[in-house]
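See below for target.tsv, which holds TSV, C-alpha atoms.
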chain	number	residue	atom	x	y	z
A	1	MET	CA	18.80	77.76	26.36
A	2	ALA	CA	22.50	78.74	26.29
A	3	PRO	CA	22.95	82.54	26.27
A	4	ASN	CA	25.77	82.55	23.70
A	5	LEU	CA	23.63	81.04	20.95
A	6	ARG	CA	22.29	83.46	18.31
A	7	TYR	CA	19.64	82.86	15.66
A	8	SER	CA	20.38	83.69	12.07
A	9	ALA	CA	18.00	85.78	9.94
A	10	ALA	CA	15.10	83.89	8.40
A	11	LYS	CA	16.23	84.78	4.89
A	12	SER	CA	19.64	83.20	5.39
A	13	SER	CA	18.13	79.97	6.69
A	14	THR	CA	15.73	79.34	3.80
A	15	ILE	CA	16.55	76.77	1.17
A	16	GLY	CA	16.22	78.22	-2.29
A	17	LYS	CA	15.50	76.13	-5.37
A	18	ARG	CA	16.01	77.56	-8.80
A	19	SER	CA	13.03	77.01	-11.07
A	20	ALA	CA	13.55	75.09	-14.28
A	21	SER	CA	12.74	78.13	-16.37
A	22	SER	CA	15.45	80.24	-14.67
A	23	SER	CA	18.21	77.72	-15.29
A	24	PRO	CA	20.49	79.07	-18.06
A	25	THR	CA	21.17	75.55	-19.29
A	26	LYS	CA	17.51	74.55	-19.46
A	27	GLN	CA	16.41	77.91	-20.83
A	28	ARG	CA	18.19	77.18	-24.10
A	29	THR	CA	16.10	74.00	-24.48
A	30	LEU	CA	12.83	75.58	-23.35
A	31	ARG	CA	13.31	78.48	-25.72
A	32	ASN	CA	12.86	76.07	-28.63
A	33	ILE	CA	9.89	74.27	-27.06
A	34	LEU	CA	8.03	77.23	-25.55
A	35	PRO	CA	8.50	80.32	-27.71
A	36	SER	CA	7.65	83.75	-26.37
A	37	GLN	CA	4.18	85.07	-26.98
A	38	THR	CA	5.35	87.48	-29.66
A	39	LYS	CA	7.22	84.83	-31.59
A	40	TYR	CA	4.33	82.39	-31.15
A	41	LEU	CA	1.86	84.87	-32.61
A	42	GLN	CA	4.22	85.55	-35.49
A	43	ASN	CA	4.37	81.84	-36.27
A	44	LEU	CA	0.58	81.66	-36.18
A	45	LYS	CA	0.32	84.45	-38.72
A	46	LYS	CA	2.82	82.75	-41.00
A	47	ALA	CA	1.14	79.35	-40.73
A	48	PRO	CA	-1.31	78.72	-43.58
A	49	LYS	CA	-4.92	78.12	-42.65
A	50	SER	CA	-5.95	74.49	-42.75
A	51	SER	CA	-9.03	75.35	-44.80
A	52	SER	CA	-6.84	76.66	-47.62
A	53	ASN	CA	-5.64	73.12	-48.21
A	54	GLU	CA	-9.15	71.73	-48.49
A	55	ASP	CA	-10.05	70.41	-51.90
A	56	ALA	CA	-13.52	70.84	-53.29
A	57	LEU	CA	-15.61	67.67	-53.41
A	58	LEU	CA	-15.47	65.87	-56.73
A	59	VAL	CA	-18.90	66.18	-58.32
A	60	GLN	CA	-19.83	63.13	-60.36
A	61	ASP	CA	-23.34	64.27	-61.28
A	62	TYR	CA	-26.47	65.92	-59.92
A	63	ASN	CA	-28.72	62.97	-60.72
A	64	VAL	CA	-29.23	62.15	-57.04
A	65	GLN	CA	-31.79	59.66	-55.77
A	66	LEU	CA	-32.46	60.55	-52.13
A	67	ASP	CA	-33.63	57.85	-49.74
A	68	TYR	CA	-37.02	59.46	-49.23
A	69	GLN	CA	-37.75	60.53	-52.80
A	70	LEU	CA	-40.79	59.12	-54.58
A	71	SER	CA	-41.84	58.78	-58.19
A	72	ALA	CA	-44.85	60.32	-59.90
A	73	LYS	CA	-46.66	57.00	-59.39
A	74	ASN	CA	-46.88	57.70	-55.65
A	75	ASP	CA	-49.74	59.87	-54.44
A	76	ILE	CA	-48.91	63.01	-52.50
A	77	MET	CA	-50.64	61.48	-49.46
A	78	VAL	CA	-47.92	58.81	-49.51
A	79	ALA	CA	-45.31	61.57	-49.42
A	80	ILE	CA	-46.97	63.15	-46.39
A	81	ASP	CA	-46.94	59.79	-44.58
A	82	THR	CA	-43.27	59.32	-45.52
A	83	VAL	CA	-42.32	62.52	-43.73
A	84	LEU	CA	-44.47	61.94	-40.65
A	85	GLU	CA	-43.47	58.30	-40.17
A	86	ASN	CA	-39.75	59.07	-40.40
A	87	GLN	CA	-39.45	62.43	-38.65
A	88	TRP	CA	-37.75	61.11	-35.49
A	89	ALA	CA	-34.17	59.88	-35.65
A	90	GLU	CA	-34.68	56.88	-33.36
A	91	SER	CA	-37.57	55.43	-35.37
A	92	THR	CA	-36.86	56.39	-38.99
A	93	THR	CA	-36.43	53.61	-41.53
A	94	LEU	CA	-34.44	55.84	-43.90
A	95	HIS	CA	-31.25	55.09	-41.96
A	96	HIS	CA	-30.29	52.92	-39.01
A	97	ARG	CA	-27.90	55.06	-37.00
A	98	PHE	CA	-29.65	54.32	-33.70
A	99	HIS	CA	-31.78	51.20	-34.20
A	100	THR	CA	-31.79	48.35	-36.69
A	101	LYS	CA	-34.75	47.65	-38.93
A	102	ASP	CA	-35.66	44.59	-36.85
A	103	GLU	CA	-35.60	46.61	-33.62
A	104	ILE	CA	-37.87	49.24	-35.15
A	105	ASN	CA	-40.33	46.63	-36.44
A	106	ALA	CA	-40.38	44.81	-33.10
A	107	SER	CA	-41.01	47.94	-31.03
A	108	GLU	CA	-44.50	48.77	-29.83
A	109	SER	CA	-44.07	52.55	-30.05
A	110	ASN	CA	-41.61	55.37	-30.68
A	111	ASP	CA	-41.47	55.92	-26.92
A	112	GLN	CA	-40.02	52.44	-26.46
A	113	LEU	CA	-37.34	53.13	-29.06
A	114	LEU	CA	-36.51	56.45	-27.43
A	115	PHE	CA	-36.12	55.02	-23.93
A	116	SER	CA	-33.90	52.22	-25.20
A	117	LEU	CA	-31.35	54.69	-26.60
A	118	PRO	CA	-27.99	54.63	-24.80
A	119	GLY	CA	-26.16	57.84	-23.98
A	120	LEU	CA	-29.20	59.82	-22.79
A	121	SER	CA	-30.31	60.22	-19.20
A	122	MET	CA	-33.89	59.49	-18.17
A	123	GLU	CA	-34.35	63.19	-17.47
A	124	VAL	CA	-33.37	64.11	-21.04
A	125	LYS	CA	-35.65	61.42	-22.47
A	126	ALA	CA	-38.54	62.72	-20.36
A	127	ASP	CA	-37.89	66.26	-21.65
A	128	ILE	CA	-37.97	64.97	-25.23
A	129	LEU	CA	-41.33	63.25	-24.72
A	130	ARG	CA	-42.75	66.30	-22.96
A	131	TYR	CA	-41.73	68.54	-25.85
A	132	ARG	CA	-43.07	66.21	-28.54
A	133	LYS	CA	-46.41	65.54	-26.86
A	134	SER	CA	-47.15	68.85	-25.15
A	135	HIS	CA	-45.52	71.57	-27.23
A	136	LEU	CA	-44.94	70.35	-30.78
A	137	PRO	CA	-48.08	70.20	-32.96
A	138	ILE	CA	-48.72	66.78	-34.48
A	139	GLY	CA	-48.82	66.03	-38.19
A	140	LEU	CA	-47.23	69.15	-39.68
A	141	LEU	CA	-44.74	69.34	-42.53
A	142	THR	CA	-43.57	72.13	-44.81
A	143	LEU	CA	-44.34	72.49	-48.49
A	144	ASN	CA	-40.58	72.65	-49.10
A	145	GLN	CA	-40.23	69.12	-47.73
A	146	LEU	CA	-42.75	67.90	-50.30
A	147	TYR	CA	-40.85	69.73	-53.04
A	148	SER	CA	-37.69	67.77	-52.17
A	149	ILE	CA	-39.55	64.45	-52.18
A	150	TYR	CA	-40.65	65.13	-55.76
A	151	ASP	CA	-37.48	66.99	-56.73
A	152	ARG	CA	-37.34	65.38	-60.18
A	153	GLN	CA	-40.95	66.25	-60.98
A	154	GLY	CA	-40.56	69.86	-59.85
A	155	PRO	CA	-42.61	72.24	-57.66
A	156	THR	CA	-45.36	72.61	-60.27
A	157	TYR	CA	-46.14	68.89	-60.02
A	158	VAL	CA	-46.44	69.18	-56.23
A	159	ASP	CA	-48.56	72.34	-56.37
A	160	ARG	CA	-50.95	70.81	-58.90
A	161	ASN	CA	-51.45	67.57	-56.99
A	162	LEU	CA	-51.68	69.35	-53.67
A	163	GLU	CA	-54.40	71.61	-55.04
A	164	LEU	CA	-56.40	68.54	-56.07
A	165	ARG	CA	-56.13	67.08	-52.56
A	166	LEU	CA	-57.10	70.45	-51.06
A	167	ARG	CA	-60.28	70.58	-53.11
A	168	GLU	CA	-61.08	66.99	-52.16
A	169	GLY	CA	-60.76	67.95	-48.50
A	170	LYS	CA	-57.95	65.49	-47.77
A	171	VAL	CA	-55.31	68.02	-46.74
A	172	ARG	CA	-55.24	71.58	-45.46
A	173	LYS	CA	-52.64	74.24	-46.09
A	174	PHE	CA	-51.68	77.08	-43.78
A	175	VAL	CA	-49.82	80.19	-44.93
A	176	ILE	CA	-47.63	81.85	-42.30
A	177	THR	CA	-46.78	85.31	-43.57
A	178	ASN	CA	-43.26	86.76	-43.41
A	179	ALA	CA	-41.99	83.64	-41.64
A	180	ALA	CA	-39.20	82.47	-43.96
A	181	PRO	CA	-35.87	82.64	-42.10
A	182	VAL	CA	-33.05	84.79	-43.45
A	183	VAL	CA	-29.68	83.70	-42.07
A	184	SER	CA	-27.35	86.70	-41.93
A	185	ARG	CA	-23.86	86.08	-43.25
A	186	THR	CA	-21.19	87.82	-45.28
A	187	GLN	CA	-19.36	86.17	-48.15
A	188	ASN	CA	-16.80	84.61	-45.85
A	189	LYS	CA	-18.37	84.65	-42.41
A	190	TYR	CA	-21.51	83.30	-40.84
A	191	GLN	CA	-22.92	85.93	-38.49
A	192	GLY	CA	-25.35	83.70	-36.65
A	193	ARG	CA	-28.34	86.04	-36.75
A	194	VAL	CA	-31.70	84.84	-38.02
A	195	THR	CA	-34.27	87.36	-39.18
A	196	TYR	CA	-37.50	86.84	-41.08
A	197	GLY	CA	-38.04	88.16	-44.57
A	198	HIS	CA	-41.02	88.82	-46.77
A	199	GLU	CA	-41.38	85.21	-47.96
A	200	ASN	CA	-44.27	83.18	-46.60
A	201	VAL	CA	-43.99	79.65	-45.26
A	202	GLU	CA	-46.62	77.10	-46.28
A	203	VAL	CA	-47.38	74.25	-43.90
A	204	ILE	CA	-49.39	71.11	-44.70
A	205	VAL	CA	-51.47	68.80	-42.50
A	206	LYS	CA	-53.99	66.06	-43.18
A	207	SER	CA	-57.53	67.40	-42.84
A	208	GLU	CA	-58.61	64.57	-40.56
A	209	GLN	CA	-55.77	65.44	-38.18
A	210	TYR	CA	-56.86	69.08	-38.04
A	211	TYR	CA	-60.55	68.34	-37.65
A	212	ASP	CA	-59.86	65.77	-34.95
A	213	LEU	CA	-57.86	68.38	-33.03
A	214	ILE	CA	-60.82	70.78	-33.10
A	215	GLU	CA	-63.33	68.10	-32.09
A	216	ARG	CA	-61.19	67.00	-29.15
A	217	GLU	CA	-60.91	70.60	-27.97
A	218	VAL	CA	-64.69	71.02	-28.20
A	219	ASP	CA	-65.18	67.88	-26.09
A	220	ALA	CA	-62.69	69.15	-23.51
A	221	ILE	CA	-64.43	72.55	-23.34
A	222	ASP	CA	-67.89	70.97	-22.99
A	223	SER	CA	-66.58	68.70	-20.24
A	224	GLU	CA	-65.12	71.67	-18.37
A	225	ALA	CA	-68.33	73.68	-18.82
A	226	GLY	CA	-70.34	70.88	-17.20
A	227	LYS	CA	-68.25	71.19	-14.04
A	228	CYS	CA	-68.22	75.00	-13.97
A	229	ASN	CA	-70.14	76.82	-11.22
A	230	SER	CA	-69.43	80.37	-12.37
A	231	MET	CA	-71.99	81.93	-14.71
A	232	GLN	CA	-69.40	84.17	-16.36
A	233	GLU	CA	-66.99	81.29	-16.93
A	234	SER	CA	-69.80	79.10	-18.20
A	235	GLU	CA	-70.76	81.72	-20.80
A	236	ARG	CA	-67.14	82.02	-21.93
A	237	LEU	CA	-66.81	78.26	-22.38
A	238	LYS	CA	-70.14	78.11	-24.20
A	239	LEU	CA	-68.91	80.79	-26.63
A	240	GLN	CA	-65.70	78.82	-27.26
A	241	SER	CA	-67.62	75.60	-27.94
A	242	THR	CA	-70.19	77.13	-30.31
A	243	THR	CA	-67.51	79.13	-32.12
A	244	LEU	CA	-65.31	76.09	-32.70
A	245	LYS	CA	-68.27	74.08	-33.99
A	246	LYS	CA	-69.14	76.88	-36.40
A	247	TYR	CA	-65.49	77.15	-37.43
A	248	LEU	CA	-65.29	73.40	-38.10
A	249	GLN	CA	-68.43	73.57	-40.23
A	250	PHE	CA	-66.92	76.47	-42.19
A	251	LEU	CA	-63.69	74.54	-42.81
A	252	LYS	CA	-65.47	71.44	-44.07
A	253	GLY	CA	-67.59	73.56	-46.39
A	254	ASN	CA	-64.52	75.44	-47.68
A	255	PRO	CA	-61.77	72.79	-47.88
A	256	SER	CA	-59.25	74.97	-49.71
A	257	ALA	CA	-59.88	78.20	-47.76
A	258	LEU	CA	-56.71	79.83	-46.42
A	259	TYR	CA	-58.40	82.85	-44.87
A	260	ILE	CA	-61.61	83.88	-43.20
A	261	HIS	CA	-63.09	87.37	-43.28
A	262	SER	CA	-64.76	89.49	-40.67
A	263	ASP	CA	-68.04	88.98	-42.55
A	264	ASP	CA	-67.93	85.22	-41.84
A	265	PHE	CA	-67.80	85.46	-38.03
A	266	ALA	CA	-68.87	87.91	-35.37
A	267	SER	CA	-66.25	90.01	-33.61
A	268	ALA	CA	-66.52	87.97	-30.39
A	269	GLU	CA	-66.16	84.74	-32.36
A	270	LEU	CA	-63.05	85.99	-34.15
A	271	SER	CA	-61.50	87.03	-30.85
A	272	THR	CA	-62.23	83.57	-29.48
A	273	LEU	CA	-60.62	81.83	-32.46
A	274	VAL	CA	-57.55	84.07	-32.18
A	275	SER	CA	-57.18	83.34	-28.46
A	276	LEU	CA	-57.44	79.59	-29.12
A	277	GLY	CA	-54.84	79.78	-31.90
A	278	TYR	CA	-57.04	78.65	-34.79
A	279	VAL	CA	-56.80	81.91	-36.73
A	280	THR	CA	-54.24	84.69	-36.80
A	281	LEU	CA	-54.31	88.26	-38.01
A	282	THR	CA	-52.94	88.49	-41.53
A	283	SER	CA	-50.05	90.83	-42.29
A	284	ASN	CA	-48.99	91.96	-45.75
A	285	HIS	CA	-45.48	92.22	-47.19
A	286	LEU	CA	-45.00	95.52	-45.33
A	287	ASN	CA	-45.81	93.83	-42.00
A	288	GLU	CA	-49.05	95.81	-41.79
A	289	ILE	CA	-51.98	94.05	-40.16
A	290	GLU	CA	-54.99	93.37	-42.35
A	291	SER	CA	-57.79	93.90	-39.84
A	292	HIS	CA	-60.54	92.49	-42.07
A	293	GLN	CA	-58.78	89.21	-42.95
A	294	TYR	CA	-57.62	86.34	-40.76
A	295	SER	CA	-55.43	83.39	-41.69
A	296	VAL	CA	-56.57	79.86	-40.92
A	297	ALA	CA	-53.96	78.55	-38.48
A	298	TYR	CA	-52.82	75.48	-36.59
A	299	PRO	CA	-52.33	75.99	-32.82
A	300	ASN	CA	-48.65	76.07	-31.78
A	301	CYS	CA	-47.55	76.06	-35.42
A	302	GLY	CA	-44.86	78.57	-34.41
A	303	THR	CA	-43.17	75.88	-32.31
A	304	PHE	CA	-42.85	73.66	-35.37
A	305	LEU	CA	-41.50	76.51	-37.51
A	306	LYS	CA	-38.99	77.38	-34.80
A	307	LEU	CA	-37.69	73.80	-34.97
A	308	ILE	CA	-37.38	73.90	-38.77
A	309	ASN	CA	-35.82	77.37	-38.82
A	310	SER	CA	-33.31	76.45	-36.10
A	311	GLY	CA	-32.30	73.47	-38.21
A	312	ARG	CA	-31.82	75.65	-41.29
A	313	ALA	CA	-29.70	78.13	-39.31
A	314	TRP	CA	-27.55	75.24	-38.02
A	315	LEU	CA	-27.17	73.86	-41.55
A	316	VAL	CA	-26.08	77.19	-43.04
A	317	LYS	CA	-23.63	77.76	-40.20
A	318	THR	CA	-22.12	74.28	-40.52
A	319	LEU	CA	-21.71	74.36	-44.30
A	320	ASN	CA	-20.39	77.92	-44.22
A	321	LYS	CA	-17.47	76.84	-42.01
A	322	SER	CA	-16.13	74.76	-44.90
A	323	LYS	CA	-13.96	76.56	-47.45
A	324	HIS	CA	-16.14	75.47	-50.37
A	325	LYS	CA	-19.41	75.66	-48.37
A	326	GLU	CA	-19.99	71.94	-48.82
A	327	LEU	CA	-19.77	68.69	-46.85
A	328	LEU	CA	-20.37	65.01	-47.36
A	329	GLU	CA	-23.68	63.75	-45.99
A	330	GLU	CA	-21.94	61.46	-43.51
A	331	ASN	CA	-19.91	64.37	-42.13
A	332	LEU	CA	-23.08	66.41	-41.75
A	333	PHE	CA	-24.73	63.63	-39.75
A	334	GLN	CA	-21.69	63.35	-37.50
A	335	LYS	CA	-21.76	67.07	-36.78
A	336	TRP	CA	-25.53	66.96	-36.26
A	337	GLU	CA	-25.19	64.17	-33.70
A	338	GLY	CA	-21.93	65.45	-32.20
A	339	TYR	CA	-19.00	63.13	-31.56
A	340	SER	CA	-16.46	63.15	-28.74
A	341	THR	CA	-12.72	62.74	-29.25
A	342	ASN	CA	-12.95	58.98	-28.65
A	343	GLY	CA	-15.55	58.58	-31.40
A	344	THR	CA	-18.67	58.10	-29.28
A	345	PRO	CA	-21.78	60.11	-30.24
A	346	LYS	CA	-22.85	62.92	-27.91
A	347	MET	CA	-26.47	62.70	-29.12
A	348	THR	CA	-26.70	66.49	-29.32
A	349	ASN	CA	-29.49	66.18	-31.89
A	350	PHE	CA	-31.73	64.78	-29.14
A	351	ARG	CA	-31.38	67.91	-27.06
A	352	LYS	CA	-32.84	71.38	-27.39
A	353	PRO	CA	-33.82	72.75	-29.90
A	354	PHE	CA	-34.13	69.60	-32.09
A	355	TYR	CA	-35.32	66.92	-29.65
A	356	GLY	CA	-34.48	64.04	-32.01
A	357	TYR	CA	-35.85	65.54	-35.24
A	358	ASP	CA	-34.17	63.75	-38.11
A	359	LEU	CA	-31.58	65.64	-40.16
A	360	PHE	CA	-33.05	64.34	-43.42
A	361	TRP	CA	-36.06	66.63	-43.03
A	362	ILE	CA	-33.92	69.67	-42.22
A	363	LEU	CA	-32.02	68.92	-45.42
A	364	ALA	CA	-35.29	68.31	-47.28
A	365	ASP	CA	-36.76	71.65	-46.20
A	366	ALA	CA	-33.58	73.54	-47.15
A	367	LEU	CA	-33.35	71.68	-50.48
A	368	GLY	CA	-36.96	72.48	-51.34
A	369	ALA	CA	-36.38	76.13	-50.45
A	370	GLY	CA	-33.31	76.31	-52.70
A	371	VAL	CA	-30.90	77.04	-49.84
A	372	ILE	CA	-28.75	73.97	-50.61
A	373	GLU	CA	-28.13	71.59	-53.48
A	374	VAL	CA	-27.17	67.92	-53.47
A	375	PHE	CA	-24.80	66.01	-55.73
A	376	ASN	CA	-23.10	62.64	-56.04
A	377	THR	CA	-19.40	62.15	-55.27
A	378	PRO	CA	-17.25	58.99	-55.47
A	379	VAL	CA	-17.55	58.63	-51.68
A	380	GLY	CA	-21.20	59.52	-51.12
A	381	ARG	CA	-23.67	62.36	-51.41
A	382	GLY	CA	-22.52	65.93	-50.93
A	383	TRP	CA	-24.50	69.00	-49.85
A	384	LYS	CA	-23.58	72.57	-50.72
A	385	LEU	CA	-24.92	76.06	-50.05
A	386	THR	CA	-26.39	77.74	-53.09
A	387	GLY	CA	-25.98	81.26	-51.73
A	388	LYS	CA	-29.70	81.78	-51.10
A	389	VAL	CA	-30.17	82.33	-47.39
Encoding of this model in structure tokens:
Amino acid sequence: MAPNLRYSAAKSSTIGKRSASSSPTKQRTLRNILPSQTKYLQNLKKAPKSSSNEDALLVQDYNVQLDYQLSAKNDIMVAIDTVLENQWAESTTLHHRFHTKDEINASESNDQLLFSLPGLSMEVKADILRYRKSHLPIGLLTLNQLYSIYDRQGPTYVDRNLELRLREGKVRKFVITNAAPVVSRTQNKYQGRVTYGHENVEVIVKSEQYYDLIEREVDAIDSEAGKCNSMQESERLKLQSTTLKKYLQFLKGNPSALYIHSDDFASAELSTLVSLGYVTLTSNHLNEIESHQYSVAYPNCGTFLKLINSGRAWLVKTLNKSKHKELLEENLFQKWEGYSTNGTPKMTNFRKPFYGYDLFWILADALGAGVIEVFNTPVGRGWKLTGKV
């Protein structure tokens, strides 16, 4: 290398390029397009909220005929079947958002309809079936759902007819104390917290469904006892079997009984029934345990109530976001199912915590409880919060 050559400093040999934002000419244009943070926040404060421009839905009347409502000519057992046969969104005949009537009639089972749904992975579908068959008790519905089915006849009509079916031994009722959800919210803001007040929740099931559950459990226990080699385990299983048989006999002899007392069963028998989930300790309105009285219960009933209560919390939250606390039924279904920006459904109602439970029965439970009201508009049914949460 020639000795008279000298290298310049690195800084002097770099090629600088002025950024677009530092160009005085372009800054004048960008200043109009990209305002400073302070000015941007000021504009946001000045901009009116979109909800303030929302108009209340035009109420035509409150003489609404819901798709699942029945007349006084229909027995209350028909109403129970209506709920149970249409509780899953993919197989309901009350709407055809996922399958046509012909597809539903041609299917061999609900499982077939579920697995034919597009937009859900096989893993999600397997989780749905696992939840429905292993965790969710079969055949349950709330008294509030029956109230909404006979909304025109009123709660007294339902209570009277239900009492007749109770005495006949066709249905059983379970009272879950202090289980009614209270959704915390201020006048203008949903807070998202769900607590449980002093109101009881009443759950209905067909007697044959309940008795069949007990008999199948007895058979399973007897089968396990026959294979057991441990004396201690064998005695425990024998106690479970004899206790359940005695409990079943008591239920059939007292078809309308909601409670059992410590005088009816021995202490060991009561402990066995509690551990199996067929009775629970009764608490009063002060949440104090009544040690001498036990409520007749349905195993895993809490899972069903969690599903219903989660739906009510979602409903209150969704309606509360609207300025007038109301939405059209179609808009509610779209939010329940979830839609992407291109208009395709996300099928969020088939995921936890709803697993495909149909929105109609969330609405029915809330309507029967007085949390919402329904009315006719020129463009469809509307649903509105009543203020009772």
**Request:** Anything within 8 Å of (-56.4, 74.7, -46.7): list those residues as a ChimeraX atom specification, counting all atoms listed in the file and sticking to the file's coordinates.
**Result:** /A:166,171-174,255-258,296
For C-alpha atoms, I'd like the residues from the last selection saved as a compact mmCIF listing (two decimals), keeping the file's coordinate frame.
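Below is the file that was written, again.txt:
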# COMPACT_ATOMS: atom_id res chain seq x y z
CA LEU A 166 -57.10 70.45 -51.06
CA VAL A 171 -55.31 68.02 -46.74
CA ARG A 172 -55.24 71.58 -45.46
CA LYS A 173 -52.64 74.24 -46.09
CA PHE A 174 -51.68 77.08 -43.78
CA PRO A 255 -61.77 72.79 -47.88
CA SER A 256 -59.25 74.97 -49.71
CA ALA A 257 -59.88 78.20 -47.76
CA LEU A 258 -56.71 79.83 -46.42
CA VAL A 296 -56.57 79.86 -40.92
**Request:** Using all atoms listed in the file, give me every residue within 12 Å of (-52.1, 78.8, -41.2) in file coordinates, as a PyMOL selection string.
**Result:** chain A and resi 140+142+172-177+179+200-205+210+256-260+274+277-282+294-302+305
**Asked** Looking at only C-alpha atoms, which of A:Ser241, A:Thr93, A:Ser310, A:Ser271 is the one that sits closest to A:Pro353?
**Response**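 Comparing A:Ser241, A:Thr93, A:Ser310, A:Ser271 against A:Pro353, the winner is A:Ser310.
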**Asked** Which of these residues is nearest to A:Thr100, using all atoms listed in the file: A:Leu141, A:Leu248, A:Leu117, A:Leu327?
**Response** A:Leu117
**Asked** By how many Å are atom CA of A:Tyr357 and atom CA of A:Gln87 apart?
**Response**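 Atom CA of A:Gln87 lies at a distance of 5.9 Å from atom CA of A:Tyr357.
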**Prompt:** Quick one: distance from atom CA of A:Ser107 to atom CA of A:Ile308 in Å, one decimal?
**Reply:**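 Interatomic distance here is 27.3 Å.
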